$ cat query-v4.txt   # compact mmCIF, C-alpha atoms and all ligand atoms
# COMPACT_ATOMS: atom_id res chain seq x y z
CA MET A 48 81.72 91.09 125.32
CA LYS A 49 80.50 87.70 126.56
CA VAL A 50 79.55 87.66 130.23
CA LEU A 51 78.39 84.74 132.29
CA VAL A 52 76.39 85.96 135.27
CA GLY A 53 76.15 83.48 138.13
CA VAL A 54 73.22 83.93 140.50
CA THR A 55 73.35 82.28 143.93
CA ALA A 56 70.73 82.01 146.67
CA SER A 57 71.01 85.36 148.41
CA ILE A 58 67.96 87.45 149.24
CA ALA A 59 69.54 89.99 146.85
CA ALA A 60 69.07 87.59 143.90
CA TYR A 61 66.34 89.86 142.50
CA LYS A 62 68.97 92.57 141.98
CA ALA A 63 70.75 90.25 139.55
CA ALA A 64 67.91 91.04 137.13
CA GLU A 65 68.93 94.71 137.17
CA ILE A 66 72.60 93.79 136.63
CA VAL A 67 71.73 91.52 133.71
CA SER A 68 69.45 94.17 132.24
CA GLN A 69 72.19 96.85 132.41
CA LEU A 70 74.67 94.47 130.77
CA VAL A 71 72.24 93.64 127.95
CA LYS A 72 71.58 97.36 127.41
CA ALA A 73 75.36 97.87 127.17
CA GLN A 74 75.43 95.33 124.29
CA ALA A 75 76.98 92.48 126.30
CA GLU A 76 76.06 88.93 125.36
CA VAL A 77 74.83 87.53 128.66
CA LEU A 78 74.31 83.97 129.79
CA VAL A 79 72.88 83.29 133.25
CA VAL A 80 73.81 80.27 135.35
CA MET A 81 71.92 79.76 138.61
CA THR A 82 72.48 77.55 141.61
CA LYS A 83 69.62 75.20 142.46
CA HIS A 84 68.90 77.14 145.65
CA ALA A 85 68.76 80.46 143.79
CA ILE A 86 65.72 79.20 141.84
CA SER A 87 63.78 79.30 145.12
CA LEU A 88 64.38 83.05 145.28
CA ILE A 89 63.99 84.18 141.65
CA GLY A 90 62.64 82.42 138.58
CA GLU A 91 64.69 81.37 135.58
CA ALA A 92 62.06 82.93 133.30
CA THR A 93 63.13 86.43 134.40
CA PHE A 94 66.65 85.90 133.11
CA ARG A 95 65.50 84.03 130.02
CA GLY A 96 63.34 87.01 129.19
CA LEU A 97 66.10 89.56 129.81
CA THR A 98 68.85 87.75 127.91
CA GLY A 99 66.99 85.74 125.28
CA ASN A 100 69.12 82.75 126.30
CA ASP A 101 68.28 79.60 128.22
CA VAL A 102 69.30 79.68 131.85
CA ARG A 103 71.66 76.86 132.90
CA VAL A 104 71.51 75.09 136.23
CA ASP A 105 72.46 71.46 135.72
CA LEU A 106 75.96 70.08 135.53
CA PHE A 107 74.84 66.90 133.85
CA GLU A 108 72.87 67.60 130.72
CA PRO A 109 71.99 64.81 128.30
CA GLY A 110 73.16 64.96 124.69
CA THR A 111 76.05 67.44 125.03
CA ARG A 112 79.30 66.68 123.18
CA GLN A 113 81.67 67.81 125.92
CA PRO A 114 80.94 68.59 129.56
CA VAL A 115 78.69 71.63 129.67
CA HIS A 116 80.86 73.44 132.23
CA ILE A 117 83.93 73.35 129.94
CA ASP A 118 81.95 74.82 127.05
CA LEU A 119 80.60 77.57 129.26
CA ALA A 120 83.84 78.26 131.15
CA THR A 121 86.02 78.63 128.09
CA SER A 122 83.76 80.84 126.01
CA GLN A 123 83.46 83.86 128.31
CA ASP A 124 85.26 87.20 128.55
CA VAL A 125 84.18 87.61 132.17
CA VAL A 126 82.42 85.49 134.78
CA ALA A 127 80.53 87.51 137.41
CA ILE A 128 78.88 86.05 140.49
CA ALA A 129 76.27 88.52 141.69
CA PRO A 130 75.04 88.07 144.29
CA ALA A 131 77.54 85.64 145.79
CA THR A 132 76.47 83.81 148.95
CA ALA A 133 78.81 83.00 151.84
CA ASN A 134 78.38 79.37 150.86
CA PHE A 135 79.44 79.95 147.25
CA ILE A 136 82.45 82.08 148.24
CA GLY A 137 83.55 79.31 150.62
CA LYS A 138 83.19 76.68 147.93
CA VAL A 139 85.30 78.62 145.43
CA ALA A 140 87.98 79.44 148.02
CA GLY A 141 88.13 75.76 148.97
CA GLY A 142 88.25 74.50 145.39
CA ILE A 143 84.91 72.71 145.69
CA CYS A 144 82.91 72.24 142.52
CA ASP A 145 79.74 70.31 143.24
CA ASP A 146 77.36 72.11 140.91
CA LEU A 147 77.46 73.75 137.49
CA LEU A 148 78.31 77.29 138.64
CA SER A 149 81.14 76.38 141.02
CA THR A 150 82.58 73.99 138.41
CA ILE A 151 82.57 76.79 135.83
CA VAL A 152 84.36 79.17 138.20
CA LEU A 153 87.08 76.59 138.80
CA SER A 154 87.47 75.81 135.11
CA THR A 155 87.54 79.29 133.65
CA THR A 156 90.61 81.33 132.82
CA ALA A 157 88.47 84.45 132.32
CA PRO A 158 88.56 87.08 135.09
CA VAL A 159 85.99 86.45 137.83
CA VAL A 160 84.04 89.23 139.55
CA ILE A 161 82.51 88.37 142.92
CA ALA A 162 79.86 90.57 144.54
CA PRO A 163 79.11 89.22 148.03
CA ALA A 164 75.72 89.79 149.64
CA MET A 165 74.76 88.57 153.07
CA ASN A 166 73.76 89.48 156.58
CA GLU A 167 76.37 91.48 158.54
CA ALA A 168 77.20 88.70 161.01
CA MET A 169 77.79 86.33 158.11
CA TYR A 170 79.92 88.88 156.25
CA PHE A 171 82.19 89.51 159.21
CA ASN A 172 82.41 85.84 160.13
CA PRO A 173 86.16 85.05 160.05
CA ALA A 174 85.51 82.15 157.66
CA VAL A 175 83.94 84.50 155.10
CA GLN A 176 86.63 87.17 155.59
CA GLU A 177 89.41 84.61 155.17
CA ASN A 178 87.74 83.14 152.09
CA LEU A 179 87.41 86.60 150.53
CA ALA A 180 91.09 87.28 151.29
CA ILE A 181 92.00 84.04 149.51
CA LEU A 182 89.98 85.05 146.45
CA ASN A 183 91.50 88.53 146.48
CA ARG A 184 94.99 87.02 146.58
CA ARG A 185 94.08 84.84 143.61
CA GLY A 186 93.11 87.90 141.58
CA PHE A 187 89.31 87.76 141.74
CA TYR A 188 87.69 91.19 141.39
CA ILE A 189 85.74 91.62 144.61
CA VAL A 190 83.03 94.27 144.67
CA GLU A 191 82.67 95.11 148.34
CA PRO A 192 79.15 95.03 149.75
CA GLU A 193 77.62 98.23 151.07
CA SER A 194 76.35 99.27 154.47
CA GLY A 195 72.66 99.93 154.91
CA TRP A 196 69.33 98.31 155.61
CA LEU A 197 69.57 94.52 155.41
CA ALA A 198 66.81 92.00 154.77
CA CYS A 199 67.28 90.57 158.27
CA GLY A 200 65.79 93.82 159.58
CA LYS A 201 69.02 95.43 160.77
CA GLU A 202 71.43 98.12 159.60
CA GLY A 203 74.89 96.84 158.74
CA LYS A 204 77.40 95.89 156.10
CA GLY A 205 76.62 93.10 153.66
CA ARG A 206 74.13 94.62 151.23
CA LEU A 207 74.91 93.84 147.59
CA ALA A 208 76.85 96.69 145.97
CA ASP A 209 74.96 99.00 143.63
CA PRO A 210 74.28 97.12 140.34
CA LYS A 211 75.93 100.01 138.43
CA LYS A 212 79.14 99.46 140.39
CA ILE A 213 79.05 95.74 139.67
CA VAL A 214 78.52 96.35 135.95
CA GLU A 215 81.47 98.78 135.98
CA ALA A 216 83.65 96.14 137.67
CA ILE A 217 82.65 93.62 134.98
CA PHE A 218 83.69 96.01 132.21
CA GLU A 219 86.91 96.88 134.04
CA ALA A 220 87.80 93.19 134.42
CA ALA A 221 87.13 92.59 130.71
CA ARG A 222 89.22 95.59 129.66
CA LYS A 223 92.18 94.63 131.84
CA THR A 224 92.34 91.04 130.63
CA HIS A 225 94.15 92.01 127.46
CA ASP A 226 95.68 95.38 128.23
CA LEU A 227 99.25 94.02 128.37
CA GLU A 228 98.96 91.79 125.32
CA GLY A 229 102.19 91.82 123.31
CA ARG A 230 104.19 93.20 126.27
CA LYS A 231 106.84 91.46 128.31
CA VAL A 232 107.02 92.11 132.04
CA VAL A 233 109.90 90.85 134.16
CA VAL A 234 109.45 90.67 137.93
CA SER A 235 112.17 89.81 140.41
CA GLY A 236 111.25 88.45 143.80
CA GLY A 237 112.25 86.68 146.97
CA PRO A 238 115.54 86.90 148.84
CA THR A 239 118.97 86.00 147.57
CA LEU A 240 121.20 83.53 149.42
CA GLU A 241 124.89 84.38 149.71
CA PRO A 242 126.93 81.33 150.76
CA ILE A 243 129.33 81.33 153.70
CA ASP A 244 130.31 77.70 153.19
CA ASP A 245 128.64 74.74 151.48
CA VAL A 246 125.79 74.56 154.02
CA ARG A 247 125.38 78.09 155.38
CA PHE A 248 124.41 81.41 153.87
CA ILE A 249 123.38 84.97 154.72
CA SER A 250 120.00 86.15 153.48
CA ASN A 251 116.97 88.23 154.52
CA ARG A 252 113.31 87.83 155.42
CA SER A 253 111.75 88.34 151.97
CA THR A 254 108.98 85.82 151.22
CA GLY A 255 108.26 86.76 147.59
CA LYS A 256 104.56 87.50 148.24
CA MET A 257 104.68 90.94 146.61
CA ALA A 258 106.54 89.63 143.56
CA VAL A 259 104.16 86.70 143.11
CA ALA A 260 101.19 89.11 143.30
CA LEU A 261 102.81 91.35 140.66
CA ALA A 262 103.64 88.46 138.33
CA ALA A 263 100.14 86.99 138.72
CA GLU A 264 98.55 90.35 137.94
CA ALA A 265 100.73 90.94 134.86
CA ALA A 266 100.04 87.44 133.54
CA SER A 267 96.30 87.78 134.12
CA ARG A 268 96.44 90.82 131.84
CA SER A 269 98.04 88.81 129.02
CA ALA A 270 101.63 90.01 129.43
CA GLU A 271 104.40 87.54 128.70
CA THR A 272 105.54 87.37 132.31
CA VAL A 273 108.81 86.16 133.79
CA LEU A 274 109.41 85.84 137.51
CA VAL A 275 113.08 85.60 138.48
CA THR A 276 113.03 84.55 142.08
CA GLY A 277 115.19 83.49 144.98
CA PRO A 278 113.94 80.56 147.08
CA ILE A 279 110.36 81.15 148.26
CA ALA A 280 107.76 78.88 149.81
CA ILE A 281 104.61 79.97 147.98
CA ALA A 282 102.97 78.57 144.87
CA TYR A 283 104.04 80.11 141.57
CA PRO A 284 101.26 81.86 139.66
CA TYR A 285 99.59 80.32 136.62
CA GLY A 286 100.88 81.38 133.20
CA VAL A 287 104.21 82.76 134.45
CA LYS A 288 107.66 81.61 133.36
CA VAL A 289 109.65 81.11 136.56
CA VAL A 290 113.43 81.27 136.73
CA GLU A 291 114.79 80.07 140.07
CA VAL A 292 118.04 81.53 141.36
CA GLU A 293 119.92 81.58 144.66
CA THR A 294 122.70 84.16 144.71
CA SER A 295 122.63 87.83 143.71
CA ASP A 296 125.06 87.00 140.91
CA GLU A 297 122.68 84.39 139.47
CA MET A 298 119.78 86.83 139.77
CA ARG A 299 121.79 89.50 137.96
CA LYS A 300 122.69 87.15 135.12
CA GLU A 301 119.11 85.89 134.61
CA LEU A 302 117.62 89.38 134.81
CA GLN A 303 120.14 90.72 132.31
CA ALA A 304 119.05 88.01 129.86
CA GLU A 305 115.29 88.50 130.39
CA TRP A 306 115.54 92.30 130.33
CA GLN A 307 116.91 92.37 126.77
CA ASP A 308 113.48 92.17 125.10
CA ALA A 309 111.25 93.23 128.00
CA ASP A 310 109.01 96.31 128.20
CA CYS A 311 108.97 96.58 131.95
CA LEU A 312 111.06 95.45 134.91
CA ILE A 313 109.62 95.38 138.41
CA MET A 314 112.32 94.77 140.96
CA ALA A 315 110.59 93.41 144.05
CA ALA A 316 113.41 91.06 145.07
CA ALA A 317 115.31 91.72 148.27
CA VAL A 318 118.78 91.27 146.80
CA CYS A 319 121.40 91.00 149.54
CA ASP A 320 123.53 94.13 149.71
CA PHE A 321 126.51 92.15 151.00
CA ARG A 322 128.00 88.73 150.45
CA PRO A 323 130.94 86.88 151.98
CA ARG A 324 134.07 87.72 150.00
CA LYS A 325 135.08 84.07 150.17
CA THR A 326 132.95 80.90 150.21
CA HIS A 327 134.55 78.16 152.29
CA GLU A 328 134.55 74.63 150.95
CA GLY A 329 132.68 72.01 152.97
CA LYS A 330 131.29 72.83 156.41
CA LEU A 331 133.17 75.19 158.69
CA GLN A 332 133.74 73.73 162.14
CA ARG A 333 132.50 75.57 165.21
CA ASP A 334 135.81 75.39 167.07
CA THR A 335 137.74 77.14 164.27
CA GLY A 336 135.72 80.33 164.91
CA LEU A 337 134.50 82.60 162.09
CA LYS A 338 135.00 86.20 161.05
CA LEU A 339 132.94 87.17 158.02
CA ASP A 340 134.58 89.44 155.50
CA LEU A 341 131.74 90.93 153.43
CA GLU A 342 131.76 92.77 150.14
CA ALA A 343 128.98 94.75 148.45
CA THR A 344 126.98 93.03 145.72
CA THR A 345 126.18 94.71 142.39
CA ASP A 346 123.21 97.10 142.45
CA ILE A 347 121.18 95.16 139.84
CA LEU A 348 118.32 97.67 139.78
CA ALA A 349 120.60 100.63 139.04
CA GLU A 350 122.57 98.65 136.50
CA LEU A 351 119.52 97.51 134.50
CA ALA A 352 117.70 100.84 134.79
CA SER A 353 120.73 102.71 133.42
CA GLU A 354 120.09 101.10 130.04
CA LYS A 355 116.30 101.27 130.08
CA GLY A 356 115.67 103.82 127.31
CA GLU A 357 111.90 104.15 126.83
CA ARG A 358 111.19 101.06 128.90
CA ILE A 359 109.73 101.15 132.38
CA VAL A 360 111.50 100.24 135.59
CA VAL A 361 109.77 100.00 138.95
CA GLY A 362 111.77 99.65 142.17
CA PHE A 363 110.81 98.87 145.74
CA ALA A 364 112.45 100.54 148.71
CA LEU A 365 112.36 99.66 152.38
CA GLU A 366 112.85 102.72 154.52
CA THR A 367 112.27 103.11 158.22
CA GLN A 368 112.31 106.93 158.20
CA ASP A 369 111.95 109.88 155.81
CA GLU A 370 110.33 107.41 153.40
CA VAL A 371 109.16 109.95 150.78
CA GLU A 372 112.44 111.87 150.67
CA ARG A 373 114.55 108.73 150.49
CA GLY A 374 112.21 107.19 147.94
CA LYS A 375 112.57 110.24 145.69
CA GLN A 376 116.36 110.10 146.01
CA LYS A 377 116.40 106.42 145.09
CA LEU A 378 114.13 107.02 142.11
CA LEU A 379 116.39 109.79 140.77
CA SER A 380 119.74 108.18 141.51
CA LYS A 381 118.72 104.87 139.93
CA ASN A 382 116.85 106.27 136.91
CA LEU A 383 113.50 104.65 137.86
CA ASP A 384 109.99 105.40 136.61
CA TYR A 385 108.33 104.42 139.87
CA VAL A 386 109.39 103.54 143.35
CA MET A 387 107.15 101.94 145.97
CA VAL A 388 108.45 102.80 149.41
CA ASN A 389 107.27 100.90 152.41
CA ASN A 390 108.26 100.90 156.03
CA PRO A 391 108.59 97.40 157.51
CA LEU A 392 108.10 98.81 161.00
CA VAL A 393 104.49 99.79 160.17
CA SER A 394 102.08 97.05 161.17
CA GLY A 395 100.80 95.13 158.13
CA ALA A 396 103.58 96.29 155.80
CA GLY A 397 106.69 94.62 154.49
CA PHE A 398 108.13 91.10 154.60
CA GLY A 399 105.77 88.18 154.98
CA SER A 400 102.55 90.11 155.55
CA GLU A 401 99.54 89.74 153.25
CA THR A 402 99.18 93.50 153.06
CA ASN A 403 101.30 96.53 152.32
CA CYS A 404 101.15 100.31 152.52
CA GLY A 405 103.44 103.26 151.92
CA TYR A 406 104.04 105.65 149.05
CA LEU A 407 104.08 105.14 145.31
CA ILE A 408 106.27 107.83 143.76
CA ASP A 409 106.60 108.48 140.04
CA LYS A 410 109.43 110.13 138.11
CA HIS A 411 107.50 113.40 137.86
CA GLY A 412 107.59 113.62 141.65
CA LYS A 413 103.93 112.66 142.16
CA VAL A 414 103.52 110.95 145.51
CA GLU A 415 100.50 108.71 146.10
CA GLU A 416 99.92 107.59 149.65
CA ILE A 417 98.98 103.89 149.60
CA PRO A 418 96.70 102.92 152.48
CA LEU A 419 96.91 99.41 153.91
CA MET A 420 95.72 97.03 151.18
CA SER A 421 96.30 93.46 150.05
CA LYS A 422 99.47 92.85 148.06
CA ARG A 423 97.32 91.79 145.10
CA ASP A 424 95.43 95.12 145.18
CA LEU A 425 98.74 96.97 145.34
CA ALA A 426 100.04 94.87 142.45
CA ARG A 427 96.94 95.86 140.44
CA LYS A 428 97.62 99.53 141.19
CA ILE A 429 101.25 99.29 140.09
CA ILE A 430 100.40 97.34 136.94
CA ASP A 431 97.64 99.89 136.16
CA ALA A 432 100.25 102.66 136.29
CA VAL A 433 102.75 100.73 134.16
CA THR A 434 100.05 99.85 131.61
CA SER A 435 98.90 103.41 131.09
CA ASP A 436 102.54 104.56 130.80
CA LEU A 437 103.28 101.90 128.19
CA LYS A 438 100.17 102.89 126.28
CA ALA A 439 101.19 106.57 126.34
CA ARG A 440 104.65 105.66 125.01
CA GLY A 441 103.12 103.67 122.15
C1 LIG B 1 65.29 83.65 152.22
C2 LIG B 1 66.76 83.34 152.28
C3 LIG B 1 67.66 84.34 152.05
C4 LIG B 1 69.03 84.09 152.10
N1 LIG B 1 69.91 85.10 151.85
C5 LIG B 1 71.24 84.87 151.88
C6 LIG B 1 72.16 85.91 151.60
O1 LIG B 1 71.80 87.05 151.33
N2 LIG B 1 73.46 85.61 151.62
C7 LIG B 1 73.95 84.37 151.91
O2 LIG B 1 75.16 84.18 151.91
N3 LIG B 1 73.08 83.36 152.17
C8 LIG B 1 71.74 83.56 152.18
N4 LIG B 1 70.88 82.54 152.44
C9 LIG B 1 71.42 81.21 152.72
C10 LIG B 1 71.76 80.49 151.42
O3 LIG B 1 70.62 80.45 150.58
C11 LIG B 1 72.27 79.08 151.71
O4 LIG B 1 73.54 79.16 152.34
C12 LIG B 1 72.37 78.25 150.45
O5 LIG B 1 72.92 76.99 150.78
C13 LIG B 1 73.23 78.89 149.40
O6 LIG B 1 73.23 78.12 148.23
P1 LIG B 1 74.06 78.50 146.94
O7 LIG B 1 75.30 79.15 147.40
O8 LIG B 1 74.32 77.20 146.26
O9 LIG B 1 73.22 79.38 146.09
C14 LIG B 1 69.49 82.78 152.41
C15 LIG B 1 68.56 81.78 152.65
C16 LIG B 1 67.22 82.06 152.60
C17 LIG B 1 66.23 80.95 152.90

$ encode --input "query-v4.txt" --output "structure tokens"
Amino acid sequence: MKVLVGVTASIAAYKAAEIVSQLVKAQAEVLVVMTKHAISLIGEATFRGLTGNDVRVDLFEPGTRQPVHIDLATSQDVVAIAPATANFIGKVAGGICDDLLSTIVLSTTAPVVIAPAMNEAMYFNPAVQENLAILNRRGFYIVEPESGWLACGKEGKGRLADPKKIVEAIFEAARKTHDLEGRKVVVSGGPTLEPIDDVRFISNRSTGKMAVALAAEAASRSAETVLVTGPIAIAYPYGVKVVEVETSDEMRKELQAEWQDADCLIMAAAVCDFRPRKTHEGKLQRDTGLKLDLEATTDILAELASEKGERIVVGFALETQDEVERGKQKLLSKNLDYVMVNNPLVSGAGFGSETNCGYLIDKHGKVEEIPLMSKRDLARKIIDAVTSDLKARG
């Protein structure tokens, strides 16, 4: 495994030596890149001695064939920034690349592990918290700092996580990068739009955030990933084939086609349950009045899951009461492998929020309570479960 360890100018920089040493002992090929400020806190010679490789600092090096950051960014299995300063986290979140290390992080497609270390006031500064949330959403592996004695002479949260934990996160990130190779994962997301006339429709509040997180996670683990989505206003993830649809009928048709050769379907779309029986031509006038005659749409999830065979189908359910019981019923009646039930009335869960919570239920009846977590972390949990199931099925 090739690991690039980035060291930034935190007082915890000396602990990077322990991380590098553990990685070398575990047979990883390690290259250290330091920020200029980090050199004031720990010498390059330490890392040269531990790794046997030159330590890189400069973006502009004479005599190299192609820019040094591209060489370094594209040849790694994992990039790990430990410790990561508030400054560095802010730069990465903001897309700034004004030195070698930040330019590598922006150019790499390898998974990136970030282990923040800083004084408690800095850690809880809203700028830092928001920047970490951005990185989490983008799929960075964040190793939370610990609470304890800080260099500023106070107790608090912000101390670099235990080096052993950081090394474990590096190995986990490397392992997950390819664990869906050769698999096809189809994710549905967003709302559907059911037209009333040529300018109006009925729909729902789905924003597609959960589906985008799921598709991004599957793609980052090398799955051929397809996102079939109703209209949403967030950026599509890198490496994902996106199929845009509007109505539930279009979504059904596209999913049927993509499902043929897929290994897993995750149905996170909020498909409208009803649509107007008739679509009026042109724009209905206010003074003619309007009575909507609605009909039920096809239950796409049940339809596709009925022909799933050994493949895996994950459903989402919104329930405002008896969530576990209703989730289990849905799982059984629709022939699902997993159902994630969430209650939109719980603060931080459901449409539009960055977080989610609820219950993940599997077909054996196992119920896992999911505490409030980012949608990306929940996506990772669901994809973990799907991956180990696929592995077990061969
Ligand atoms: C002795 C010393 C210790 C520092 N420790 C930290 C730290 O633990 N975390 C942090 O975010 N910044 C810390 N800083 C501030 C950073 O070094 C400063 O923001 C710097 O610009 C970061 O540069 P870099 O991110 O390019 O490495 C420290 C500064 C000094 C002088």

$ atom_distance --input "query-v4.txt" --atom1 "atom CA of A:Ser235" --atom2 "atom CA of A:Asn382"
17.5 Å

$ closest_residue --input "query-v4.txt" --among "A:Thr132, A:Thr239, A:Ser267, A:Ser87" --to "ligand LIG 1 (chain B)" --atoms "all atoms listed in the file"
A:Thr132

$ residues_near_ligand --input "query-v4.txt" --ligand "ligand LIG 1 (chain B)" --cutoff "10 Å" --atoms "all atoms listed in the file" --output "short mmCIF file (atom, residue, chain, number, x, y, z; two decimals) with C-alpha atoms, in the coordinates of the input"
data_model
loop_
_atom_site.label_atom_id
_atom_site.label_comp_id
_atom_site.auth_asym_id
_atom_site.auth_seq_id
_atom_site.Cartn_x
_atom_site.Cartn_y
_atom_site.Cartn_z
CA GLY A 53 76.15 83.48 138.13
CA VAL A 54 73.22 83.93 140.50
CA THR A 55 73.35 82.28 143.93
CA ALA A 56 70.73 82.01 146.67
CA SER A 57 71.01 85.36 148.41
CA ILE A 58 67.96 87.45 149.24
CA ALA A 59 69.54 89.99 146.85
CA ALA A 60 69.07 87.59 143.90
CA MET A 81 71.92 79.76 138.61
CA THR A 82 72.48 77.55 141.61
CA LYS A 83 69.62 75.20 142.46
CA HIS A 84 68.90 77.14 145.65
CA ALA A 85 68.76 80.46 143.79
CA ILE A 86 65.72 79.20 141.84
CA SER A 87 63.78 79.30 145.12
CA LEU A 88 64.38 83.05 145.28
CA PRO A 130 75.04 88.07 144.29
CA ALA A 131 77.54 85.64 145.79
CA THR A 132 76.47 83.81 148.95
CA ALA A 133 78.81 83.00 151.84
CA ASN A 134 78.38 79.37 150.86
CA PHE A 135 79.44 79.95 147.25
CA ILE A 136 82.45 82.08 148.24
CA GLY A 137 83.55 79.31 150.62
CA LYS A 138 83.19 76.68 147.93
CA ASP A 145 79.74 70.31 143.24
CA ASP A 146 77.36 72.11 140.91
CA LEU A 147 77.46 73.75 137.49
CA LEU A 148 78.31 77.29 138.64
CA SER A 149 81.14 76.38 141.02
CA PRO A 163 79.11 89.22 148.03
CA ALA A 164 75.72 89.79 149.64
CA MET A 165 74.76 88.57 153.07
CA ASN A 166 73.76 89.48 156.58
CA GLU A 167 76.37 91.48 158.54
CA MET A 169 77.79 86.33 158.11
CA TYR A 170 79.92 88.88 156.25
CA VAL A 175 83.94 84.50 155.10
CA LEU A 197 69.57 94.52 155.41
CA ALA A 198 66.81 92.00 154.77
CA CYS A 199 67.28 90.57 158.27
CA GLY A 205 76.62 93.10 153.66
CA ARG A 206 74.13 94.62 151.23
CA LEU A 207 74.91 93.84 147.59
#

$ residues_near_point --input "query-v4.txt" --point "(78.6, 89.3, 123.8)" --cutoff "10 Å" --atoms "only C-alpha atoms" --output "PDB file with C-alpha atoms, keeping the file's coordinate frame"
ATOM      1  CA  MET A  48      81.720  91.090 125.320  1.00  0.00           C
ATOM      2  CA  LYS A  49      80.500  87.700 126.560  1.00  0.00           C
ATOM      3  CA  VAL A  50      79.550  87.660 130.230  1.00  0.00           C
ATOM      4  CA  LEU A  51      78.390  84.740 132.290  1.00  0.00           C
ATOM      5  CA  LEU A  70      74.670  94.470 130.770  1.00  0.00           C
ATOM      6  CA  VAL A  71      72.240  93.640 127.950  1.00  0.00           C
ATOM      7  CA  ALA A  73      75.360  97.870 127.170  1.00  0.00           C
ATOM      8  CA  GLN A  74      75.430  95.330 124.290  1.00  0.00           C
ATOM      9  CA  ALA A  75      76.980  92.480 126.300  1.00  0.00           C
ATOM     10  CA  GLU A  76      76.060  88.930 125.360  1.00  0.00           C
ATOM     11  CA  VAL A  77      74.830  87.530 128.660  1.00  0.00           C
ATOM     12  CA  LEU A  78      74.310  83.970 129.790  1.00  0.00           C
ATOM     13  CA  GLN A 123      83.460  83.860 128.310  1.00  0.00           C
ATOM     14  CA  ASP A 124      85.260  87.200 128.550  1.00  0.00           C
TER      15      ASP A 124
END

$ atom_distance --input "query-v4.txt" --atom1 "atom CA of A:Gly336" --atom2 "atom CA of A:Pro238"
26.6 Å

$ atom_distance --input "query-v4.txt" --atom1 "atom CA of A:Val273" --atom2 "atom CA of A:Gln307"
12.4 Å
